[in-house]
Amino acid sequence: MIENLGDIVRQPRGSVLVLTRACSSTAAGYRLEVALRDAAAAGATSLVLTAPVVIGRAARELAERVGVSLLEEDGDLAELVVSIERSLAGDASDALARATRAVRGIGRAGGVPERIASLVGEAMGVPVSADFTVEDPGGHLGAATAIVVRLAALAAAAGPDELPGRSRAQLLTELLVAPEEQAQELAPRARALGLPVDDWHVVVRFEPVMEEGPERYALLDTVASRASRAMRSMVGPSWNAALAGDALVVVRTQARDQGRAGLREAVREAGQLLDRVRPAGAELRCGVSTTHQGVLGLRTCASEARTALRRGSLPLATYDLAGLDRMLEEWYSSDAAQQAVRELLQPILDLGGERPGRLIAILRAYLDHHGSPAKAAEEVHLHRNAVGRNIRRIEELLQADLSDPQQRLALQLACRAARI
């Protein structure tokens, strides 16, 4: 327990430092960064704040850099300290809680030995080899570990459970394409099948570089089969895949948000997966989302991965992490926002063919350049007079007054959302 920030540097190596509420309240701004540096110098593993404190980006990045876990907890302080002490001491209740998490992990691993061993080792806090040998940690934890490892070995011996895997893939597809309300209703069924829908997701979307047709879907089937085999050997996060429309969607899930470091790791693994699933001579691209939590977060991830592919040209495209586009993505992932955009632009969308895309691009350029036909013309490669004629046509179609700031803002947001 830390009551004064100045005491941090004098604590024993390996400590979990729990700041009292009064002390946590003083750890704001640069003081928190100083506290993190002192904790690193003392060799502490974690710094726990027990009062609401605004943690800036610099402090989070510093914690990641110096290797000190920066945690927040606003529950009962005494209960927190007792729980940490029990966890460190390895009492029976902690061993039982770890065993429960491990058994859940076995259920999610699909019978793949490497994944089973990794999930069991992470839950129990002891290294477990792929042949399920483990060094006995002793005490209650040792007894619980022995039981769980035996269960894990039996699950691995049973082999991969292909049928639940297919069921999860079908349900994942439904979660991604169903209306928002229906997706929420599917969540209990997803949990029962072992899909970790409540955790933190990154979506990797694979698309062949070819027109729609039999060859495209045959290539997607090949990619999906290769991805299924590749994911079985990738330990750590939980992996699930599903064919959604004209793409293969792979979901990488972890129990906690790993921050920027975790996102970099996800991009690296996406690149490895792309290399492993791409057939020789085939052109295949993948888009990688940022991290979001829960069922609706999963749908946002899927939208971001699709947007990354639409806006990038590289084989591996990542979603832009900052700016208005990210806020628009989260807003536009809701059914209500999509309906509002469609209703606003419907007279243009009803034209059919290539005209809707061309007119929306002209309108977006015109609005982005503050109503300047000349600058808009440069962006869309038209004569300024042609831009003027098209803008007048758009105003007639939409019954809009582009001199009205509110209408102008609504249309500008709709045009940007239409690109997502």
# chains A, B, ... in the order shown; residues from 1 in each chain; ligands from 1
call {"tool": "residues_around", "arguments": {"residues": "A:Arg256", "least_positions_apart": "3", "cutoff": "12 Å", "atoms": "only C-alpha atoms", "output": "list in words"}}
result
Pro196, Asp198, Asp199, Trp200, His201, Val202, Pro237, Ser238, Arg252, Thr253, Gly259, Gly262, Leu263, Thr291, His292, Gln293 and Gly294 of chain A
call {"tool": "write_last_selection", "arguments": {"atoms": "all heavy atoms", "output": "compact mmCIF listing (two decimals), in the first residue's frame"}}
result
# COMPACT_ATOMS: atom_id res chain seq x y z
N PRO A 196 -15.77 -16.01 -28.20
CA PRO A 196 -15.53 -15.01 -27.15
C PRO A 196 -15.99 -13.62 -27.57
O PRO A 196 -15.20 -12.68 -27.70
CB PRO A 196 -14.01 -15.07 -26.96
CG PRO A 196 -13.49 -15.47 -28.29
CD PRO A 196 -14.52 -16.39 -28.89
N ASP A 198 -17.50 -11.26 -26.10
CA ASP A 198 -17.45 -10.14 -25.15
C ASP A 198 -16.05 -9.57 -24.98
O ASP A 198 -15.86 -8.58 -24.28
CB ASP A 198 -17.97 -10.60 -23.78
CG ASP A 198 -19.41 -11.08 -23.87
OD1 ASP A 198 -20.24 -10.35 -24.42
OD2 ASP A 198 -19.68 -12.21 -23.41
N ASP A 199 -15.05 -10.19 -25.62
CA ASP A 199 -13.67 -9.77 -25.44
C ASP A 199 -13.29 -8.70 -26.47
O ASP A 199 -14.15 -8.10 -27.11
CB ASP A 199 -12.74 -10.98 -25.52
CG ASP A 199 -12.94 -11.93 -24.35
OD1 ASP A 199 -13.53 -11.51 -23.34
OD2 ASP A 199 -12.51 -13.10 -24.43
N TRP A 200 -12.00 -8.49 -26.64
CA TRP A 200 -11.48 -7.43 -27.52
C TRP A 200 -11.06 -8.04 -28.86
O TRP A 200 -10.30 -9.00 -28.89
CB TRP A 200 -10.30 -6.72 -26.86
CG TRP A 200 -10.70 -5.92 -25.66
CD1 TRP A 200 -10.88 -6.38 -24.39
CD2 TRP A 200 -11.01 -4.53 -25.63
NE1 TRP A 200 -11.28 -5.36 -23.56
CE2 TRP A 200 -11.36 -4.21 -24.29
CE3 TRP A 200 -11.01 -3.52 -26.59
CZ2 TRP A 200 -11.71 -2.92 -23.90
CZ3 TRP A 200 -11.35 -2.24 -26.20
CH2 TRP A 200 -11.69 -1.96 -24.87
N HIS A 201 -11.55 -7.44 -29.95
CA HIS A 201 -11.38 -8.04 -31.27
C HIS A 201 -10.55 -7.14 -32.21
O HIS A 201 -10.58 -5.92 -32.12
CB HIS A 201 -12.74 -8.26 -31.94
CG HIS A 201 -13.77 -8.86 -31.05
ND1 HIS A 201 -13.72 -10.17 -30.63
CD2 HIS A 201 -14.88 -8.32 -30.46
CE1 HIS A 201 -14.76 -10.42 -29.85
NE2 HIS A 201 -15.48 -9.31 -29.73
N VAL A 202 -9.85 -7.82 -33.12
CA VAL A 202 -9.28 -7.20 -34.32
C VAL A 202 -9.73 -8.05 -35.49
O VAL A 202 -9.63 -9.29 -35.44
CB VAL A 202 -7.73 -7.15 -34.26
CG1 VAL A 202 -7.17 -6.69 -35.61
CG2 VAL A 202 -7.26 -6.21 -33.17
N PRO A 237 -3.80 -15.49 -28.93
CA PRO A 237 -5.18 -15.02 -29.10
C PRO A 237 -6.08 -16.13 -29.63
O PRO A 237 -5.62 -17.13 -30.19
CB PRO A 237 -5.05 -13.88 -30.12
CG PRO A 237 -3.61 -13.47 -30.06
CD PRO A 237 -2.85 -14.71 -29.74
N SER A 238 -7.39 -15.93 -29.47
CA SER A 238 -8.37 -16.83 -30.05
C SER A 238 -8.65 -16.40 -31.49
O SER A 238 -8.81 -15.21 -31.77
CB SER A 238 -9.66 -16.78 -29.22
OG SER A 238 -10.69 -17.51 -29.84
N ARG A 252 -9.49 -11.98 -34.61
CA ARG A 252 -8.45 -12.24 -33.61
C ARG A 252 -8.92 -11.63 -32.29
O ARG A 252 -9.14 -10.43 -32.21
CB ARG A 252 -7.12 -11.60 -34.05
CG ARG A 252 -5.94 -11.75 -33.10
CD ARG A 252 -4.78 -10.91 -33.64
NE ARG A 252 -3.56 -11.08 -32.89
CZ ARG A 252 -3.20 -10.39 -31.81
NH1 ARG A 252 -4.06 -9.48 -31.34
NH2 ARG A 252 -2.06 -10.60 -31.21
N THR A 253 -9.06 -12.45 -31.25
CA THR A 253 -9.70 -12.00 -30.01
C THR A 253 -8.80 -12.26 -28.81
O THR A 253 -8.17 -13.32 -28.70
CB THR A 253 -11.04 -12.73 -29.79
OG1 THR A 253 -11.86 -12.54 -30.95
CG2 THR A 253 -11.76 -12.19 -28.57
N GLY A 259 -3.59 -2.46 -26.16
CA GLY A 259 -3.09 -1.15 -26.54
C GLY A 259 -2.40 -1.16 -27.90
O GLY A 259 -2.59 -2.06 -28.73
N GLY A 262 -0.30 -4.25 -28.73
CA GLY A 262 -1.11 -5.37 -29.17
C GLY A 262 -1.59 -5.22 -30.60
O GLY A 262 -1.67 -6.19 -31.36
N LEU A 263 -1.92 -3.98 -30.99
CA LEU A 263 -2.37 -3.74 -32.35
C LEU A 263 -1.23 -3.96 -33.35
O LEU A 263 -1.42 -4.54 -34.42
CB LEU A 263 -2.92 -2.32 -32.48
CG LEU A 263 -3.64 -1.98 -33.78
CD1 LEU A 263 -4.77 -2.97 -34.05
CD2 LEU A 263 -4.18 -0.57 -33.73
N THR A 291 -8.82 -2.09 -32.58
CA THR A 291 -9.37 -2.99 -31.55
C THR A 291 -10.66 -2.42 -30.97
O THR A 291 -10.72 -1.25 -30.62
CB THR A 291 -8.34 -3.17 -30.42
OG1 THR A 291 -7.09 -3.54 -30.98
CG2 THR A 291 -8.79 -4.25 -29.45
N HIS A 292 -11.68 -3.28 -30.86
CA HIS A 292 -12.94 -2.90 -30.23
C HIS A 292 -13.46 -4.08 -29.41
O HIS A 292 -13.11 -5.23 -29.67
CB HIS A 292 -13.98 -2.49 -31.26
CG HIS A 292 -13.61 -1.26 -32.03
ND1 HIS A 292 -13.88 0.02 -31.57
CD2 HIS A 292 -12.98 -1.10 -33.22
CE1 HIS A 292 -13.44 0.90 -32.45
NE2 HIS A 292 -12.88 0.25 -33.45
N GLN A 293 -14.33 -3.78 -28.45
CA GLN A 293 -14.83 -4.80 -27.53
C GLN A 293 -16.30 -5.12 -27.78
O GLN A 293 -17.09 -4.26 -28.15
CB GLN A 293 -14.66 -4.32 -26.09
CG GLN A 293 -15.03 -5.37 -25.03
CD GLN A 293 -14.88 -4.85 -23.62
OE1 GLN A 293 -14.98 -3.64 -23.39
NE2 GLN A 293 -14.65 -5.74 -22.67
N GLY A 294 -16.66 -6.39 -27.55
CA GLY A 294 -18.04 -6.79 -27.55
C GLY A 294 -18.62 -7.05 -28.94
O GLY A 294 -17.93 -6.96 -29.95
call {"tool": "residues_around", "arguments": {"residues": "A:Gly43", "least_positions_apart": "5", "cutoff": "10 Å", "atoms": "only C-alpha atoms", "output": "NGL selection string"}}
result
:A and (9-16 or 37-38 or 66-68)
call {"tool": "write_last_selection", "arguments": {"atoms": "all heavy atoms", "output": "JSON list (two decimals), in the first residue's frame"}}
result
[["chain", "number", "residue", "atom", "x", "y", "z"],
["A", 9, "VAL", "N", 9.71, 4.65, -4.78],
["A", 9, "VAL", "CA", 11.06, 4.24, -5.19],
["A", 9, "VAL", "C", 11.73, 3.35, -4.15],
["A", 9, "VAL", "O", 12.71, 2.64, -4.46],
["A", 9, "VAL", "CB", 11.91, 5.50, -5.50],
["A", 9, "VAL", "CG1", 12.34, 6.19, -4.21],
["A", 9, "VAL", "CG2", 13.10, 5.15, -6.37],
["A", 10, "ARG", "N", 11.22, 3.31, -2.90],
["A", 10, "ARG", "CA", 11.86, 2.53, -1.84],
["A", 10, "ARG", "C", 11.21, 1.16, -1.62],
["A", 10, "ARG", "O", 11.54, 0.47, -0.67],
["A", 10, "ARG", "CB", 11.82, 3.33, -0.52],
["A", 10, "ARG", "CG", 12.67, 4.60, -0.56],
["A", 10, "ARG", "CD", 12.76, 5.24, 0.81],
["A", 10, "ARG", "NE", 11.49, 5.85, 1.20],
["A", 10, "ARG", "CZ", 11.13, 7.08, 0.86],
["A", 10, "ARG", "NH1", 11.94, 7.83, 0.11],
["A", 10, "ARG", "NH2", 9.97, 7.58, 1.24],
["A", 11, "GLN", "N", 10.30, 0.76, -2.49],
["A", 11, "GLN", "CA", 9.60, -0.50, -2.29],
["A", 11, "GLN", "C", 10.41, -1.69, -2.82],
["A", 11, "GLN", "O", 11.26, -1.54, -3.69],
["A", 11, "GLN", "CB", 8.24, -0.46, -2.98],
["A", 11, "GLN", "CG", 7.35, 0.66, -2.51],
["A", 11, "GLN", "CD", 7.21, 0.70, -1.00],
["A", 11, "GLN", "OE1", 6.90, -0.31, -0.37],
["A", 11, "GLN", "NE2", 7.46, 1.87, -0.41],
["A", 12, "PRO", "N", 10.16, -2.90, -2.28],
["A", 12, "PRO", "CA", 10.91, -4.09, -2.71],
["A", 12, "PRO", "C", 10.67, -4.43, -4.18],
["A", 12, "PRO", "O", 9.59, -4.18, -4.71],
["A", 12, "PRO", "CB", 10.36, -5.20, -1.80],
["A", 12, "PRO", "CG", 9.70, -4.50, -0.68],
["A", 12, "PRO", "CD", 9.20, -3.20, -1.20],
["A", 13, "ARG", "N", 11.69, -5.00, -4.81],
["A", 13, "ARG", "CA", 11.58, -5.41, -6.20],
["A", 13, "ARG", "C", 10.46, -6.46, -6.35],
["A", 13, "ARG", "O", 10.30, -7.33, -5.50],
["A", 13, "ARG", "CB", 12.91, -5.99, -6.68],
["A", 13, "ARG", "CG", 12.91, -6.50, -8.12],
["A", 13, "ARG", "CD", 14.30, -6.77, -8.60],
["A", 13, "ARG", "NE", 15.04, -5.52, -8.75],
["A", 13, "ARG", "CZ", 14.99, -4.74, -9.81],
["A", 13, "ARG", "NH1", 14.23, -5.10, -10.85],
["A", 13, "ARG", "NH2", 15.67, -3.62, -9.88],
["A", 14, "GLY", "N", 9.71, -6.37, -7.45],
["A", 14, "GLY", "CA", 8.64, -7.32, -7.71],
["A", 14, "GLY", "C", 7.32, -6.98, -7.05],
["A", 14, "GLY", "O", 6.40, -7.78, -7.07],
["A", 15, "SER", "N", 7.22, -5.78, -6.46],
["A", 15, "SER", "CA", 6.00, -5.42, -5.73],
["A", 15, "SER", "C", 4.86, -5.03, -6.66],
["A", 15, "SER", "O", 5.08, -4.52, -7.77],
["A", 15, "SER", "CB", 6.27, -4.22, -4.79],
["A", 15, "SER", "OG", 7.21, -4.56, -3.80],
["A", 16, "VAL", "N", 3.65, -5.29, -6.20],
["A", 16, "VAL", "CA", 2.44, -4.71, -6.79],
["A", 16, "VAL", "C", 2.07, -3.52, -5.91],
["A", 16, "VAL", "O", 1.74, -3.68, -4.74],
["A", 16, "VAL", "CB", 1.28, -5.73, -6.81],
["A", 16, "VAL", "CG1", 0.00, -5.06, -7.32],
["A", 16, "VAL", "CG2", 1.63, -6.92, -7.68],
["A", 37, "ARG", "N", 8.14, 6.15, -13.44],
["A", 37, "ARG", "CA", 9.60, 6.01, -13.53],
["A", 37, "ARG", "C", 10.17, 5.50, -12.20],
["A", 37, "ARG", "O", 11.07, 4.65, -12.19],
["A", 37, "ARG", "CB", 10.24, 7.35, -13.89],
["A", 37, "ARG", "CG", 9.86, 7.85, -15.29],
["A", 37, "ARG", "CD", 10.58, 9.14, -15.64],
["A", 37, "ARG", "NE", 10.06, 9.72, -16.86],
["A", 37, "ARG", "CZ", 10.39, 9.34, -18.09],
["A", 37, "ARG", "NH1", 11.26, 8.37, -18.24],
["A", 37, "ARG", "NH2", 9.87, 9.94, -19.14],
["A", 38, "ASP", "N", 9.63, 5.98, -11.08],
["A", 38, "ASP", "CA", 10.09, 5.50, -9.78],
["A", 38, "ASP", "C", 9.74, 4.02, -9.59],
["A", 38, "ASP", "O", 10.54, 3.24, -9.05],
["A", 38, "ASP", "CB", 9.45, 6.32, -8.65],
["A", 38, "ASP", "CG", 10.04, 7.72, -8.54],
["A", 38, "ASP", "OD1", 11.10, 7.95, -9.16],
["A", 38, "ASP", "OD2", 9.45, 8.56, -7.83],
["A", 66, "VAL", "N", 8.44, 1.21, -19.98],
["A", 66, "VAL", "CA", 9.27, 0.84, -18.82],
["A", 66, "VAL", "C", 8.86, -0.50, -18.22],
["A", 66, "VAL", "O", 9.50, -0.98, -17.28],
["A", 66, "VAL", "CB", 9.24, 1.93, -17.73],
["A", 66, "VAL", "CG1", 9.77, 3.25, -18.28],
["A", 66, "VAL", "CG2", 7.83, 2.11, -17.16],
["A", 67, "GLY", "N", 7.77, -1.11, -18.74],
["A", 67, "GLY", "CA", 7.41, -2.44, -18.29],
["A", 67, "GLY", "C", 6.68, -2.48, -16.96],
["A", 67, "GLY", "O", 6.77, -3.48, -16.23],
["A", 68, "VAL", "N", 5.93, -1.43, -16.63],
["A", 68, "VAL", "CA", 5.12, -1.41, -15.41],
["A", 68, "VAL", "C", 3.65, -1.39, -15.82],
["A", 68, "VAL", "O", 3.21, -0.51, -16.55],
["A", 68, "VAL", "CB", 5.44, -0.17, -14.54],
["A", 68, "VAL", "CG1", 4.51, -0.11, -13.33],
["A", 68, "VAL", "CG2", 6.89, -0.21, -14.07]]
call {"tool": "atom_distance", "arguments": {"atom1": "atom CA of A:Gly357", "atom2": "atom CA of A:Leu298"}}
result
27.8 Å
call {"tool": "residues_around", "arguments": {"residues": "A:Glu135", "least_positions_apart": "3", "cutoff": "12 Å", "atoms": "only C-alpha atoms", "output": "tab-separated table (two decimals) with N, CA, C and O atoms, in the first residue's frame"}}
result
chain	number	residue	atom	x	y	z
A	121	GLY	N	-1.73	-22.70	-19.88
A	121	GLY	CA	-0.58	-22.07	-19.23
A	121	GLY	C	-0.83	-20.64	-18.84
A	121	GLY	O	-0.45	-20.20	-17.74
A	124	MET	N	-3.35	-20.69	-15.77
A	124	MET	CA	-2.81	-21.21	-14.52
A	124	MET	C	-1.57	-20.45	-14.06
A	124	MET	O	-1.16	-20.56	-12.89
A	125	GLY	N	-0.95	-19.70	-14.97
A	125	GLY	CA	0.25	-18.94	-14.58
A	125	GLY	C	1.50	-19.79	-14.51
A	125	GLY	O	2.49	-19.40	-13.86
A	126	VAL	N	1.49	-20.95	-15.17
A	126	VAL	CA	2.67	-21.82	-15.20
A	126	VAL	C	2.88	-22.30	-16.63
A	126	VAL	O	1.91	-22.50	-17.36
A	127	PRO	N	4.14	-22.46	-17.08
A	127	PRO	CA	4.38	-22.91	-18.45
A	127	PRO	C	3.88	-24.34	-18.66
A	127	PRO	O	4.17	-25.23	-17.85
A	128	VAL	N	3.13	-24.56	-19.74
A	128	VAL	CA	2.63	-25.89	-20.09
A	128	VAL	C	3.12	-26.21	-21.50
A	128	VAL	O	2.85	-25.45	-22.44
A	129	SER	N	3.83	-27.31	-21.67
A	129	SER	CA	4.36	-27.66	-22.98
A	129	SER	C	3.27	-28.28	-23.85
A	129	SER	O	2.20	-28.68	-23.35
A	132	PHE	N	1.95	-31.47	-22.78
A	132	PHE	CA	1.24	-31.38	-21.50
A	132	PHE	C	2.07	-31.88	-20.30
A	132	PHE	O	1.55	-32.54	-19.40
A	138	GLY	N	3.37	-26.69	-6.76
A	138	GLY	CA	3.13	-27.00	-5.36
A	138	GLY	C	1.85	-26.37	-4.83
A	138	GLY	O	1.25	-25.49	-5.45
A	141	LEU	N	-2.29	-24.55	-5.98
A	141	LEU	CA	-2.13	-24.30	-7.41
A	141	LEU	C	-1.62	-25.55	-8.11
A	141	LEU	O	-2.05	-25.87	-9.23
A	142	GLY	N	-0.70	-26.27	-7.47
A	142	GLY	CA	-0.17	-27.49	-8.07
A	142	GLY	C	-1.25	-28.54	-8.26
A	142	GLY	O	-1.32	-29.20	-9.31
A	143	ALA	N	-2.11	-28.72	-7.24
A	143	ALA	CA	-3.19	-29.70	-7.35
A	143	ALA	C	-4.16	-29.32	-8.46
A	143	ALA	O	-4.58	-30.18	-9.26
A	145	THR	N	-3.54	-27.43	-11.08
A	145	THR	CA	-2.85	-27.53	-12.37
A	145	THR	C	-2.83	-28.97	-12.85
A	145	THR	O	-3.03	-29.25	-14.04
A	146	ALA	N	-2.58	-29.90	-11.94
A	146	ALA	CA	-2.52	-31.31	-12.33
A	146	ALA	C	-3.85	-31.78	-12.91
A	146	ALA	O	-3.91	-32.50	-13.92
A	149	VAL	N	-4.41	-29.98	-16.41
A	149	VAL	CA	-3.52	-30.50	-17.45
A	149	VAL	C	-4.00	-31.88	-17.92
A	149	VAL	O	-3.93	-32.21	-19.10
call {"tool": "atom_distance", "arguments": {"atom1": "atom CA of A:Ala374", "atom2": "atom CA of A:Ser313"}}
result
27.8 Å
call {"tool": "atom_distance", "arguments": {"atom1": "atom CA of A:Ala317", "atom2": "atom CA of A:Arg205"}}
result
9.7 Å
call {"tool": "select_by_dssp", "arguments": {"residues": "stretch 82-293 of chain A", "states": "helix (DSSP H, G or I)", "output": "PyMOL selection string"}}
result
chain A and resi 82-89+92-108+113-124+139-158+162-177+180-192+214-232+259-277
call {"tool": "write_last_selection", "arguments": {"atoms": "C-alpha atoms", "output": "compact mmCIF listing (two decimals), in the first residue's frame"}}
result
# COMPACT_ATOMS: atom_id res chain seq x y z
CA VAL A 82 -6.79 -9.11 0.08
CA SER A 83 -7.49 -10.46 -3.43
CA ILE A 84 -4.02 -9.51 -4.65
CA GLU A 85 -2.43 -11.10 -1.59
CA ARG A 86 -4.39 -14.31 -2.14
CA SER A 87 -3.40 -14.35 -5.79
CA LEU A 88 0.27 -13.94 -4.95
CA ALA A 89 0.11 -16.50 -2.14
CA ALA A 92 -7.38 -22.46 -2.80
CA SER A 93 -9.90 -19.89 -4.05
CA ASP A 94 -7.34 -18.42 -6.46
CA ALA A 95 -6.39 -21.90 -7.71
CA LEU A 96 -10.07 -22.70 -8.30
CA ALA A 97 -10.61 -19.41 -10.18
CA ARG A 98 -7.57 -20.11 -12.38
CA ALA A 99 -8.78 -23.65 -13.08
CA THR A 100 -12.19 -22.30 -14.12
CA ARG A 101 -10.56 -19.94 -16.64
CA ALA A 102 -8.36 -22.75 -17.93
CA VAL A 103 -11.33 -25.07 -18.53
CA ARG A 104 -13.09 -22.33 -20.48
CA GLY A 105 -9.93 -21.94 -22.55
CA ILE A 106 -9.89 -25.65 -23.32
CA GLY A 107 -13.43 -25.34 -24.64
CA ARG A 108 -12.40 -22.51 -26.99
CA PRO A 113 -2.87 -29.16 -28.68
CA GLU A 114 -0.71 -26.06 -29.06
CA ARG A 115 -3.63 -23.71 -28.40
CA ILE A 116 -4.86 -25.81 -25.49
CA ALA A 117 -1.42 -25.76 -23.86
CA SER A 118 -1.05 -22.02 -24.41
CA LEU A 119 -4.47 -21.16 -22.97
CA VAL A 120 -4.03 -23.48 -19.96
CA GLY A 121 -0.58 -22.07 -19.23
CA GLU A 122 -1.83 -18.50 -19.42
CA ALA A 123 -4.77 -19.21 -17.11
CA MET A 124 -2.81 -21.21 -14.52
CA GLY A 139 0.28 -26.24 -2.96
CA HIS A 140 -3.28 -25.64 -4.05
CA LEU A 141 -2.13 -24.30 -7.41
CA GLY A 142 -0.17 -27.49 -8.07
CA ALA A 143 -3.19 -29.70 -7.35
CA ALA A 144 -5.47 -27.58 -9.60
CA THR A 145 -2.85 -27.53 -12.37
CA ALA A 146 -2.52 -31.31 -12.33
CA ILE A 147 -6.30 -31.73 -12.76
CA VAL A 148 -6.55 -29.15 -15.55
CA VAL A 149 -3.52 -30.50 -17.45
CA ARG A 150 -5.03 -34.00 -17.38
CA LEU A 151 -8.28 -32.64 -18.78
CA ALA A 152 -6.32 -30.69 -21.40
CA ALA A 153 -4.48 -33.83 -22.51
CA LEU A 154 -7.78 -35.67 -22.94
CA ALA A 155 -9.23 -32.79 -24.97
CA ALA A 156 -6.15 -32.76 -27.23
CA ALA A 157 -6.35 -36.54 -27.69
CA ALA A 158 -9.95 -36.18 -28.91
CA GLU A 162 -14.69 -29.63 -36.76
CA LEU A 163 -18.48 -29.50 -36.32
CA PRO A 164 -18.49 -26.84 -33.55
CA GLY A 165 -15.94 -24.96 -35.63
CA ARG A 166 -18.31 -24.88 -38.58
CA SER A 167 -21.17 -23.85 -36.32
CA ARG A 168 -19.09 -20.99 -34.92
CA ALA A 169 -18.23 -19.87 -38.46
CA GLN A 170 -21.90 -19.81 -39.47
CA LEU A 171 -22.86 -17.89 -36.35
CA LEU A 172 -19.98 -15.45 -36.83
CA THR A 173 -21.28 -14.70 -40.32
CA GLU A 174 -24.73 -13.99 -38.86
CA LEU A 175 -23.26 -11.68 -36.21
CA LEU A 176 -21.51 -9.65 -38.91
CA VAL A 177 -24.36 -9.32 -41.42
CA GLU A 180 -27.79 -4.63 -34.98
CA GLU A 181 -30.69 -5.70 -32.74
CA GLN A 182 -30.63 -9.26 -34.05
CA ALA A 183 -26.85 -9.46 -33.58
CA GLN A 184 -27.31 -8.62 -29.90
CA GLU A 185 -29.87 -11.41 -29.61
CA LEU A 186 -27.37 -13.89 -31.12
CA ALA A 187 -24.76 -13.14 -28.44
CA PRO A 188 -25.92 -15.79 -25.89
CA ARG A 189 -25.82 -18.48 -28.57
CA ALA A 190 -22.33 -17.36 -29.57
CA ARG A 191 -21.11 -17.65 -25.98
CA ALA A 192 -22.57 -21.15 -25.70
CA PRO A 214 -17.03 -18.63 -59.78
CA GLU A 215 -13.25 -18.22 -59.80
CA ARG A 216 -13.37 -15.62 -57.03
CA TYR A 217 -15.47 -17.83 -54.75
CA ALA A 218 -13.34 -20.88 -55.49
CA LEU A 219 -10.27 -18.89 -54.44
CA LEU A 220 -12.05 -17.76 -51.25
CA ASP A 221 -12.85 -21.39 -50.39
CA THR A 222 -9.17 -22.27 -50.81
CA VAL A 223 -8.10 -19.32 -48.66
CA ALA A 224 -10.65 -20.24 -45.97
CA SER A 225 -9.39 -23.83 -45.85
CA ARG A 226 -5.77 -22.69 -45.56
CA ALA A 227 -6.69 -20.12 -42.91
CA SER A 228 -8.43 -22.80 -40.83
CA ARG A 229 -5.27 -24.92 -40.81
CA ALA A 230 -2.99 -21.95 -40.15
CA MET A 231 -5.05 -20.65 -37.20
CA ARG A 232 -4.76 -24.00 -35.41
CA GLY A 259 -3.09 -1.15 -26.54
CA ARG A 260 -0.89 -0.02 -29.41
CA ALA A 261 1.64 -2.79 -28.82
CA GLY A 262 -1.11 -5.37 -29.17
CA LEU A 263 -2.37 -3.74 -32.35
CA ARG A 264 1.13 -3.79 -33.85
CA GLU A 265 1.34 -7.48 -32.99
CA ALA A 266 -2.04 -8.09 -34.66
CA VAL A 267 -0.85 -6.39 -37.87
CA ARG A 268 2.33 -8.49 -37.83
CA GLU A 269 0.32 -11.70 -37.41
CA ALA A 270 -2.07 -10.61 -40.17
CA GLY A 271 0.91 -10.30 -42.51
CA GLN A 272 2.08 -13.79 -41.55
CA LEU A 273 -1.42 -15.17 -42.13
CA LEU A 274 -1.61 -13.48 -45.54
CA ASP A 275 1.64 -15.17 -46.58
CA ARG A 276 0.38 -18.56 -45.43
CA VAL A 277 -3.08 -18.51 -47.02
